[in-house]
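The data block below is upload-v4.pdb; it holds PDB, C-alpha atoms and all ligand atoms.
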```
MODEL        1
ATOM      1  CA  MET A   8      38.893  31.779 -19.393  1.00  0.00           C
ATOM      2  CA  SER A   9      36.748  29.006 -20.837  1.00  0.00           C
ATOM      3  CA  PRO A  10      32.979  28.331 -20.986  1.00  0.00           C
ATOM      4  CA  THR A  11      31.568  25.972 -18.334  1.00  0.00           C
ATOM      5  CA  VAL A  12      29.436  24.350 -21.024  1.00  0.00           C
ATOM      6  CA  VAL A  13      29.170  24.843 -24.787  1.00  0.00           C
ATOM      7  CA  LEU A  14      25.812  23.844 -26.305  1.00  0.00           C
ATOM      8  CA  VAL A  15      25.580  22.582 -29.886  1.00  0.00           C
ATOM      9  CA  GLY A  16      22.746  21.078 -31.931  1.00  0.00           C
ATOM     10  CA  PRO A  17      20.435  21.780 -34.837  1.00  0.00           C
ATOM     11  CA  PRO A  18      17.773  24.502 -35.020  1.00  0.00           C
ATOM     12  CA  GLY A  19      15.023  23.637 -32.563  1.00  0.00           C
ATOM     13  CA  ALA A  20      17.302  21.579 -30.304  1.00  0.00           C
ATOM     14  CA  GLY A  21      16.717  24.210 -27.630  1.00  0.00           C
ATOM     15  CA  LYS A  22      20.243  25.630 -27.282  1.00  0.00           C
ATOM     16  CA  THR A  23      18.993  29.119 -26.444  1.00  0.00           C
ATOM     17  CA  THR A  24      16.198  27.901 -24.176  1.00  0.00           C
ATOM     18  CA  ILE A  25      18.225  25.272 -22.275  1.00  0.00           C
ATOM     19  CA  GLY A  26      21.273  27.555 -22.188  1.00  0.00           C
ATOM     20  CA  GLY A  27      19.341  30.211 -20.280  1.00  0.00           C
ATOM     21  CA  LEU A  28      17.960  27.699 -17.783  1.00  0.00           C
ATOM     22  CA  LEU A  29      21.351  26.071 -17.282  1.00  0.00           C
ATOM     23  CA  ALA A  30      23.106  29.370 -16.694  1.00  0.00           C
ATOM     24  CA  ALA A  31      20.486  30.381 -14.119  1.00  0.00           C
ATOM     25  CA  GLU A  32      20.933  27.042 -12.312  1.00  0.00           C
ATOM     26  CA  LEU A  33      24.716  27.374 -12.327  1.00  0.00           C
ATOM     27  CA  GLY A  34      24.601  31.068 -11.381  1.00  0.00           C
ATOM     28  CA  VAL A  35      26.700  32.060 -14.400  1.00  0.00           C
ATOM     29  CA  GLU A  36      26.169  34.250 -17.465  1.00  0.00           C
ATOM     30  CA  PHE A  37      24.540  32.906 -20.606  1.00  0.00           C
ATOM     31  CA  ARG A  38      25.898  33.937 -23.989  1.00  0.00           C
ATOM     32  CA  ASP A  39      24.498  33.031 -27.395  1.00  0.00           C
ATOM     33  CA  VAL A  40      26.808  33.391 -30.400  1.00  0.00           C
ATOM     34  CA  ASP A  41      23.827  34.105 -32.674  1.00  0.00           C
ATOM     35  CA  HIS A  42      23.121  37.177 -30.541  1.00  0.00           C
ATOM     36  CA  ASP A  43      26.797  38.218 -30.603  1.00  0.00           C
ATOM     37  CA  ILE A  44      26.759  38.112 -34.421  1.00  0.00           C
ATOM     38  CA  GLU A  45      23.575  40.178 -34.574  1.00  0.00           C
ATOM     39  CA  ALA A  46      25.091  42.732 -32.197  1.00  0.00           C
ATOM     40  CA  THR A  47      28.279  42.979 -34.281  1.00  0.00           C
ATOM     41  CA  ALA A  48      26.410  43.231 -37.594  1.00  0.00           C
ATOM     42  CA  GLY A  49      23.753  45.535 -36.164  1.00  0.00           C
ATOM     43  CA  LYS A  50      20.950  43.513 -37.751  1.00  0.00           C
ATOM     44  CA  PRO A  51      19.118  40.193 -37.402  1.00  0.00           C
ATOM     45  CA  ILE A  52      20.639  37.001 -38.850  1.00  0.00           C
ATOM     46  CA  SER A  53      17.817  36.804 -41.404  1.00  0.00           C
ATOM     47  CA  GLU A  54      18.937  40.215 -42.764  1.00  0.00           C
ATOM     48  CA  ILE A  55      22.625  39.227 -42.799  1.00  0.00           C
ATOM     49  CA  PHE A  56      21.674  36.257 -45.002  1.00  0.00           C
ATOM     50  CA  VAL A  57      19.640  38.462 -47.354  1.00  0.00           C
ATOM     51  CA  ASP A  58      22.039  41.438 -47.522  1.00  0.00           C
ATOM     52  CA  ASP A  59      25.434  39.721 -47.365  1.00  0.00           C
ATOM     53  CA  GLY A  60      24.807  36.016 -48.063  1.00  0.00           C
ATOM     54  CA  GLU A  61      25.447  32.852 -46.066  1.00  0.00           C
ATOM     55  CA  PRO A  62      29.254  32.765 -46.634  1.00  0.00           C
ATOM     56  CA  ALA A  63      29.558  36.239 -45.070  1.00  0.00           C
ATOM     57  CA  PHE A  64      27.446  35.063 -42.129  1.00  0.00           C
ATOM     58  CA  ARG A  65      29.636  31.942 -41.692  1.00  0.00           C
ATOM     59  CA  ALA A  66      32.802  34.082 -41.675  1.00  0.00           C
ATOM     60  CA  LEU A  67      31.333  36.312 -38.942  1.00  0.00           C
ATOM     61  CA  GLU A  68      30.329  33.154 -37.090  1.00  0.00           C
ATOM     62  CA  VAL A  69      33.832  31.626 -37.045  1.00  0.00           C
ATOM     63  CA  ASP A  70      35.208  34.843 -35.534  1.00  0.00           C
ATOM     64  CA  ALA A  71      32.339  35.201 -33.058  1.00  0.00           C
ATOM     65  CA  VAL A  72      32.730  31.615 -31.804  1.00  0.00           C
ATOM     66  CA  ALA A  73      36.506  32.019 -31.409  1.00  0.00           C
ATOM     67  CA  ALA A  74      36.041  35.261 -29.458  1.00  0.00           C
ATOM     68  CA  ALA A  75      33.356  33.754 -27.209  1.00  0.00           C
ATOM     69  CA  LEU A  76      35.395  30.608 -26.466  1.00  0.00           C
ATOM     70  CA  GLU A  77      38.284  32.813 -25.364  1.00  0.00           C
ATOM     71  CA  SER A  78      36.367  35.376 -23.351  1.00  0.00           C
ATOM     72  CA  HIS A  79      33.270  33.726 -21.857  1.00  0.00           C
ATOM     73  CA  ASP A  80      33.314  31.600 -18.717  1.00  0.00           C
ATOM     74  CA  GLY A  81      29.601  30.836 -18.387  1.00  0.00           C
ATOM     75  CA  VAL A  82      27.228  28.836 -20.586  1.00  0.00           C
ATOM     76  CA  LEU A  83      27.714  29.352 -24.314  1.00  0.00           C
ATOM     77  CA  ALA A  84      25.253  28.416 -27.078  1.00  0.00           C
ATOM     78  CA  LEU A  85      26.573  28.146 -30.631  1.00  0.00           C
ATOM     79  CA  GLY A  86      24.431  28.670 -33.732  1.00  0.00           C
ATOM     80  CA  GLY A  87      23.074  25.478 -35.276  1.00  0.00           C
ATOM     81  CA  GLY A  88      25.541  25.463 -38.187  1.00  0.00           C
ATOM     82  CA  ALA A  89      28.649  26.718 -36.382  1.00  0.00           C
ATOM     83  CA  VAL A  90      30.179  23.226 -36.203  1.00  0.00           C
ATOM     84  CA  LEU A  91      30.293  23.046 -40.026  1.00  0.00           C
ATOM     85  CA  ALA A  92      33.463  25.172 -39.969  1.00  0.00           C
ATOM     86  CA  ASP A  93      36.757  23.273 -39.614  1.00  0.00           C
ATOM     87  CA  ALA A  94      38.200  26.125 -37.549  1.00  0.00           C
ATOM     88  CA  THR A  95      35.307  25.977 -35.098  1.00  0.00           C
ATOM     89  CA  ARG A  96      35.530  22.195 -34.696  1.00  0.00           C
ATOM     90  CA  ALA A  97      39.246  22.579 -33.979  1.00  0.00           C
ATOM     91  CA  ALA A  98      38.587  25.418 -31.511  1.00  0.00           C
ATOM     92  CA  LEU A  99      36.071  23.261 -29.620  1.00  0.00           C
ATOM     93  CA  ARG A 100      38.643  20.581 -28.788  1.00  0.00           C
ATOM     94  CA  GLY A 101      39.287  20.449 -25.057  1.00  0.00           C
ATOM     95  CA  HIS A 102      35.974  22.141 -24.175  1.00  0.00           C
ATOM     96  CA  ARG A 103      32.970  20.540 -22.498  1.00  0.00           C
ATOM     97  CA  VAL A 104      30.567  20.363 -25.438  1.00  0.00           C
ATOM     98  CA  VAL A 105      26.968  19.235 -24.922  1.00  0.00           C
ATOM     99  CA  HIS A 106      25.033  18.088 -27.980  1.00  0.00           C
ATOM    100  CA  LEU A 107      21.300  18.662 -27.579  1.00  0.00           C
ATOM    101  CA  ASN A 108      19.925  15.915 -29.781  1.00  0.00           C
ATOM    102  CA  VAL A 109      16.514  16.267 -31.433  1.00  0.00           C
ATOM    103  CA  GLY A 110      14.561  14.246 -34.002  1.00  0.00           C
ATOM    104  CA  LEU A 111      12.767  15.608 -37.042  1.00  0.00           C
ATOM    105  CA  SER A 112       9.304  15.581 -35.548  1.00  0.00           C
ATOM    106  CA  ASP A 113      10.121  17.596 -32.406  1.00  0.00           C
ATOM    107  CA  ALA A 114      12.544  19.914 -34.239  1.00  0.00           C
ATOM    108  CA  ALA A 115       9.948  20.725 -36.925  1.00  0.00           C
ATOM    109  CA  GLU A 116       7.312  21.412 -34.303  1.00  0.00           C
ATOM    110  CA  ARG A 117       9.631  23.703 -32.342  1.00  0.00           C
ATOM    111  CA  VAL A 118      10.976  25.746 -35.262  1.00  0.00           C
ATOM    112  CA  GLY A 119       7.439  26.053 -36.596  1.00  0.00           C
ATOM    113  CA  LEU A 120       6.883  28.394 -33.669  1.00  0.00           C
ATOM    114  CA  ASN A 121       9.436  30.891 -35.018  1.00  0.00           C
ATOM    115  CA  THR A 122      10.075  32.396 -38.469  1.00  0.00           C
ATOM    116  CA  ALA A 123      13.519  33.955 -37.880  1.00  0.00           C
ATOM    117  CA  ARG A 124      15.562  31.087 -39.399  1.00  0.00           C
ATOM    118  CA  PRO A 125      16.644  31.937 -42.942  1.00  0.00           C
ATOM    119  CA  LEU A 126      17.772  28.388 -43.815  1.00  0.00           C
ATOM    120  CA  LEU A 127      14.317  27.071 -42.977  1.00  0.00           C
ATOM    121  CA  SER A 128      12.204  29.699 -44.701  1.00  0.00           C
ATOM    122  CA  LEU A 129      11.538  27.410 -47.693  1.00  0.00           C
ATOM    123  CA  ASN A 130      10.093  23.951 -47.100  1.00  0.00           C
ATOM    124  CA  PRO A 131      11.184  23.812 -43.451  1.00  0.00           C
ATOM    125  CA  ARG A 132      10.444  20.148 -42.780  1.00  0.00           C
ATOM    126  CA  ALA A 133      12.371  18.800 -45.808  1.00  0.00           C
ATOM    127  CA  THR A 134      15.262  21.196 -45.189  1.00  0.00           C
ATOM    128  CA  LEU A 135      15.374  20.212 -41.557  1.00  0.00           C
ATOM    129  CA  ARG A 136      15.378  16.508 -42.434  1.00  0.00           C
ATOM    130  CA  THR A 137      18.410  16.934 -44.727  1.00  0.00           C
ATOM    131  CA  LEU A 138      20.169  19.193 -42.267  1.00  0.00           C
ATOM    132  CA  LEU A 139      19.662  16.764 -39.352  1.00  0.00           C
ATOM    133  CA  ALA A 140      20.980  13.827 -41.385  1.00  0.00           C
ATOM    134  CA  GLU A 141      24.016  15.723 -42.692  1.00  0.00           C
ATOM    135  CA  ARG A 142      24.973  17.240 -39.370  1.00  0.00           C
ATOM    136  CA  ALA A 143      24.334  14.294 -37.007  1.00  0.00           C
ATOM    137  CA  PRO A 144      27.898  12.903 -37.376  1.00  0.00           C
ATOM    138  CA  ILE A 145      29.394  16.367 -36.945  1.00  0.00           C
ATOM    139  CA  TYR A 146      27.562  17.084 -33.682  1.00  0.00           C
ATOM    140  CA  ALA A 147      28.552  13.610 -32.466  1.00  0.00           C
ATOM    141  CA  GLU A 148      32.188  14.315 -33.369  1.00  0.00           C
ATOM    142  CA  VAL A 149      32.467  17.534 -31.356  1.00  0.00           C
ATOM    143  CA  ALA A 150      30.313  16.517 -28.363  1.00  0.00           C
ATOM    144  CA  THR A 151      31.657  15.226 -25.063  1.00  0.00           C
ATOM    145  CA  ILE A 152      28.094  14.715 -23.756  1.00  0.00           C
ATOM    146  CA  THR A 153      24.884  14.030 -25.710  1.00  0.00           C
ATOM    147  CA  VAL A 154      21.438  14.645 -24.228  1.00  0.00           C
ATOM    148  CA  ASP A 155      18.224  13.588 -25.995  1.00  0.00           C
ATOM    149  CA  THR A 156      15.528  16.262 -25.942  1.00  0.00           C
ATOM    150  CA  ASP A 157      12.552  14.653 -27.745  1.00  0.00           C
ATOM    151  CA  GLY A 158       9.321  14.780 -25.764  1.00  0.00           C
ATOM    152  CA  ARG A 159      10.982  16.404 -22.755  1.00  0.00           C
ATOM    153  CA  THR A 160      10.423  19.746 -21.095  1.00  0.00           C
ATOM    154  CA  PRO A 161      13.238  22.334 -21.126  1.00  0.00           C
ATOM    155  CA  GLU A 162      13.467  22.060 -17.318  1.00  0.00           C
ATOM    156  CA  ASP A 163      13.924  18.278 -17.452  1.00  0.00           C
ATOM    157  CA  ILE A 164      16.587  18.597 -20.156  1.00  0.00           C
ATOM    158  CA  ALA A 165      18.456  21.306 -18.252  1.00  0.00           C
ATOM    159  CA  ALA A 166      18.439  19.147 -15.110  1.00  0.00           C
ATOM    160  CA  ASP A 167      19.819  16.207 -17.109  1.00  0.00           C
ATOM    161  CA  VAL A 168      22.598  18.336 -18.620  1.00  0.00           C
ATOM    162  CA  LEU A 169      23.491  19.605 -15.161  1.00  0.00           C
ATOM    163  CA  LYS A 170      23.637  16.051 -13.791  1.00  0.00           C
ATOM    164  CA  GLN A 171      25.942  14.901 -16.582  1.00  0.00           C
ATOM    165  CA  VAL A 172      28.145  17.980 -16.325  1.00  0.00           C
ATOM    166  CA  ASN A 173      28.557  17.352 -12.593  1.00  0.00           C
ATOM    167  CA  ALA A 174      29.052  13.574 -12.985  1.00  0.00           C
TER     168      ALA A 174
HETATM  169  N1  LIG B   1      12.204  20.818 -24.896  1.00  0.00           N
HETATM  170  C1  LIG B   1      11.388  21.656 -25.530  1.00  0.00           C
HETATM  171  N2  LIG B   1      10.078  21.368 -25.608  1.00  0.00           N
HETATM  172  C2  LIG B   1       9.216  22.194 -26.259  1.00  0.00           C
HETATM  173  N3  LIG B   1       9.578  23.373 -26.861  1.00  0.00           N
HETATM  174  C3  LIG B   1      10.872  23.698 -26.817  1.00  0.00           C
HETATM  175  C4  LIG B   1      11.852  22.876 -26.147  1.00  0.00           C
HETATM  176  N4  LIG B   1      13.066  23.473 -26.283  1.00  0.00           N
HETATM  177  C5  LIG B   1      12.864  24.601 -26.988  1.00  0.00           C
HETATM  178  N5  LIG B   1      11.556  24.746 -27.300  1.00  0.00           N
HETATM  179  C6  LIG B   1      10.934  25.831 -28.088  1.00  0.00           C
HETATM  180  O1  LIG B   1      11.373  25.608 -29.424  1.00  0.00           O
HETATM  181  C7  LIG B   1      11.749  26.821 -30.053  1.00  0.00           C
HETATM  182  C8  LIG B   1      13.226  26.712 -30.460  1.00  0.00           C
HETATM  183  O2  LIG B   1      14.057  26.679 -29.302  1.00  0.00           O
HETATM  184  P1  LIG B   1      15.459  27.446 -29.255  1.00  0.00           P
HETATM  185  O3  LIG B   1      15.334  28.791 -29.880  1.00  0.00           O
HETATM  186  O4  LIG B   1      15.928  27.370 -27.837  1.00  0.00           O
HETATM  187  O5  LIG B   1      16.320  26.507 -30.194  1.00  0.00           O
HETATM  188  P2  LIG B   1      17.822  26.708 -30.724  1.00  0.00           P
HETATM  189  O6  LIG B   1      18.466  25.379 -30.604  1.00  0.00           O
HETATM  190  O7  LIG B   1      18.447  27.840 -29.984  1.00  0.00           O
HETATM  191  O8  LIG B   1      17.604  27.065 -32.262  1.00  0.00           O
HETATM  192  P3  LIG B   1      18.564  27.931 -33.271  1.00  0.00           P
HETATM  193  O9  LIG B   1      19.658  27.032 -33.725  1.00  0.00           O
HETATM  194  O10 LIG B   1      17.672  28.314 -34.402  1.00  0.00           O
HETATM  195  O11 LIG B   1      19.064  29.123 -32.498  1.00  0.00           O
HETATM  196  C9  LIG B   1      11.452  27.928 -29.048  1.00  0.00           C
HETATM  197  O12 LIG B   1      10.166  28.449 -29.339  1.00  0.00           O
HETATM  198  C10 LIG B   1      11.440  27.205 -27.699  1.00  0.00           C
HETATM  199  O13 LIG B   1      10.574  27.828 -26.777  1.00  0.00           O
HETATM  200  O1  LIG B   2      21.511  25.796 -38.438  1.00  0.00           O
HETATM  201  C1  LIG B   2      22.003  26.824 -38.939  1.00  0.00           C
HETATM  202  O2  LIG B   2      22.781  26.773 -39.919  1.00  0.00           O
HETATM  203  C2  LIG B   2      21.683  28.126 -38.336  1.00  0.00           C
HETATM  204  C3  LIG B   2      21.134  28.145 -37.067  1.00  0.00           C
HETATM  205  C4  LIG B   2      20.916  29.397 -36.316  1.00  0.00           C
HETATM  206  O3  LIG B   2      21.316  29.199 -34.960  1.00  0.00           O
HETATM  207  C5  LIG B   2      21.647  30.589 -36.931  1.00  0.00           C
HETATM  208  O4  LIG B   2      23.024  30.544 -36.605  1.00  0.00           O
HETATM  209  C6  LIG B   2      21.471  30.632 -38.419  1.00  0.00           C
HETATM  210  O5  LIG B   2      20.086  30.816 -38.674  1.00  0.00           O
HETATM  211  C7  LIG B   2      21.986  29.360 -39.106  1.00  0.00           C
HETATM  212 MG    MG B   3      19.248  29.641 -30.597  1.00  0.00          MG
ENDMDL
END
```

Output the file's structure as structure tokens, nothing else.
Amino acid sequence: MSPTVVLVGPPGAGKTTIGGLLAAELGVEFRDVDHDIEATAGKPISEIFVDDGEPAFRALEVDAVAAALESHDGVLALGGGAVLADATRAALRGHRVVHLNVGLSDAAERVGLNTARPLLSLNPRATLRTLLAERAPIYAEVATITVDTDGRTPEDIAADVLKQVNA
């Protein structure tokens, strides 16, 4: 069993949003590793960061990604920082990995709509700028397909991903 598509990208790229649309179009299940981790821990990611710290969250994340890659055959969204782990980058090899690319301006606007991101709770725009710059080469390394999302509707992006997946 292997996911049809694995979505990666920074916070605000739209992994959860596009993942849901894509799964509906393909008629498959959508799974989001962030939700898996919250279900396992029994609390929101923001509370895992506060109670247990980021390293504990990252350890849960490596295990959750590995389990999902082995057991899910629909669309799978990873958390924004999942690709930072060597083990996760290795586990992604051989999968169809779509990088949802987003620039600072659109990402900042999108995450501004939501306060549940512990890494972005202080100075979100500056943090996001650093995070985008540091992670850009890592997303590019793991991706087999890259789709730009700036200034586009979720429906348009999902249609583009579908086209490239079927190409
Ligand atoms: N193309 C888009 N245009 C406008 N708004 C968008 C677009 N994609 C997503 N959004 C909105 O931006 C916010 C973030 O999207 P989403 O939660 O899907 O991102 P994510 O990549 O899953 O982020 P995270 O890594 O934090 O889980 C949501 O409020 C969503 O409705
Ligand atoms: O970019 C990140 O490091 C994160 C993104 C979210 O999806 C969550 O996995 C968590 O908030 C960390
Ligand atoms: Mg998400």

**Report entry** Hits from the PyMOL selection byres (((chain A and resi 64-67) around 9) and not hetatm), listed as a PyMOL selection string
**Finding:** chain A and resi 44+47-48+52+55-56+59-63+68-72+88-89+92

- prompt: Written as a ChimeraX atom specification, which residues does the PyMOL selection byres (((chain A and resi 171) around 12) and not hetatm) give for the file shown?
  reply: /A:12,103-106,151-154,164-170,172-174

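For the residues A:Glu32, A:Glu45, A:Glu141, A:Asp39, ranking by smallest atom-to-atom distance to ligand LIG 1 (chain B) using all atoms listed in the file places A:Asp39 first.
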
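Distances from A:Gly26, A:Gly87, A:Gly119, A:Pro10 to Asp41 in chain A were compared using only C-alpha atoms, and the smallest one belongs to A:Gly87.
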
Do you know which residues are within 7 Å of ligand MG 3 (chain B) using only C-alpha atoms and all ligand atoms? Can you write them as a ChimeraX atom specification?
/A:18,21-23,41,86

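Rounded to one decimal, CA of Leu14 in chain A and CA of Leu107 in chain A lie 7.0 Å from each other.
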
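Rounded to one decimal, CA of Ala123 in chain A and atom O10 of ligand LIG 1 (chain B) lie 7.8 Å from each other.
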
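When atom C6 of ligand LIG 1 (chain B) is paired with CA of Glu36 in chain A, their separation reads 20.4 Å.
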
Carefully work through the PyMOL selection byres (((chain A and resi 142) around 10) and not hetatm) for this structure and note down the residues it includes, as a list of chain:residue names. A:Gly16, A:Pro17, A:Gly87, A:Gly88, A:Val90, A:Leu91, A:Thr137, A:Leu138, A:Leu139, A:Ala140, A:Glu141, A:Ala143, A:Pro144, A:Ile145, A:Tyr146, A:Ala147, A:Glu148

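Distance annotation: of A:Ala30, A:Val15, A:Ala74, A:Leu99, the residue with the minimal separation from ligand LIG 1 (chain B) is A:Val15; atom set is all atoms listed in the file.
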
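Distance check against ligand LIG 1 (chain B) using only C-alpha atoms and all ligand atoms: of A:Thr95, A:Thr24, A:Ser128, A:Ser53, the minimum falls on A:Thr24.
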
Each side padded by 6 Å, which centre and which edge lengths in Å (one decimal) define the axis-aligned box around the listed atoms of ligand LIG 1 (chain B)? Give them as JSON.
```
{"center_x": 14.4, "center_y": 25.0, "center_z": -29.6, "size_x": 22.4, "size_y": 20.3, "size_z": 21.5}
```

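Within 8 Å of Leu135 in chain A, once all atoms listed in the file are used and residues closer than 3 positions along the same chain are dropped, the contacting residues are Leu111, Ala114, Ala115, Leu127, Pro131, Arg132, Leu138 and Leu139 of chain A.
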
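Using only C-alpha atoms and all ligand atoms for every distance, the candidate list A:Ser112, A:Ala133, A:Leu76, A:Val149 yields A:Ser112 as the residue closest to ligand LIG 1 (chain B).
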
Ligand LIG 2 (chain B) proximity check over A:Arg159, A:Lys50, A:Arg96, A:His42, using all atoms listed in the file: winner is A:His42
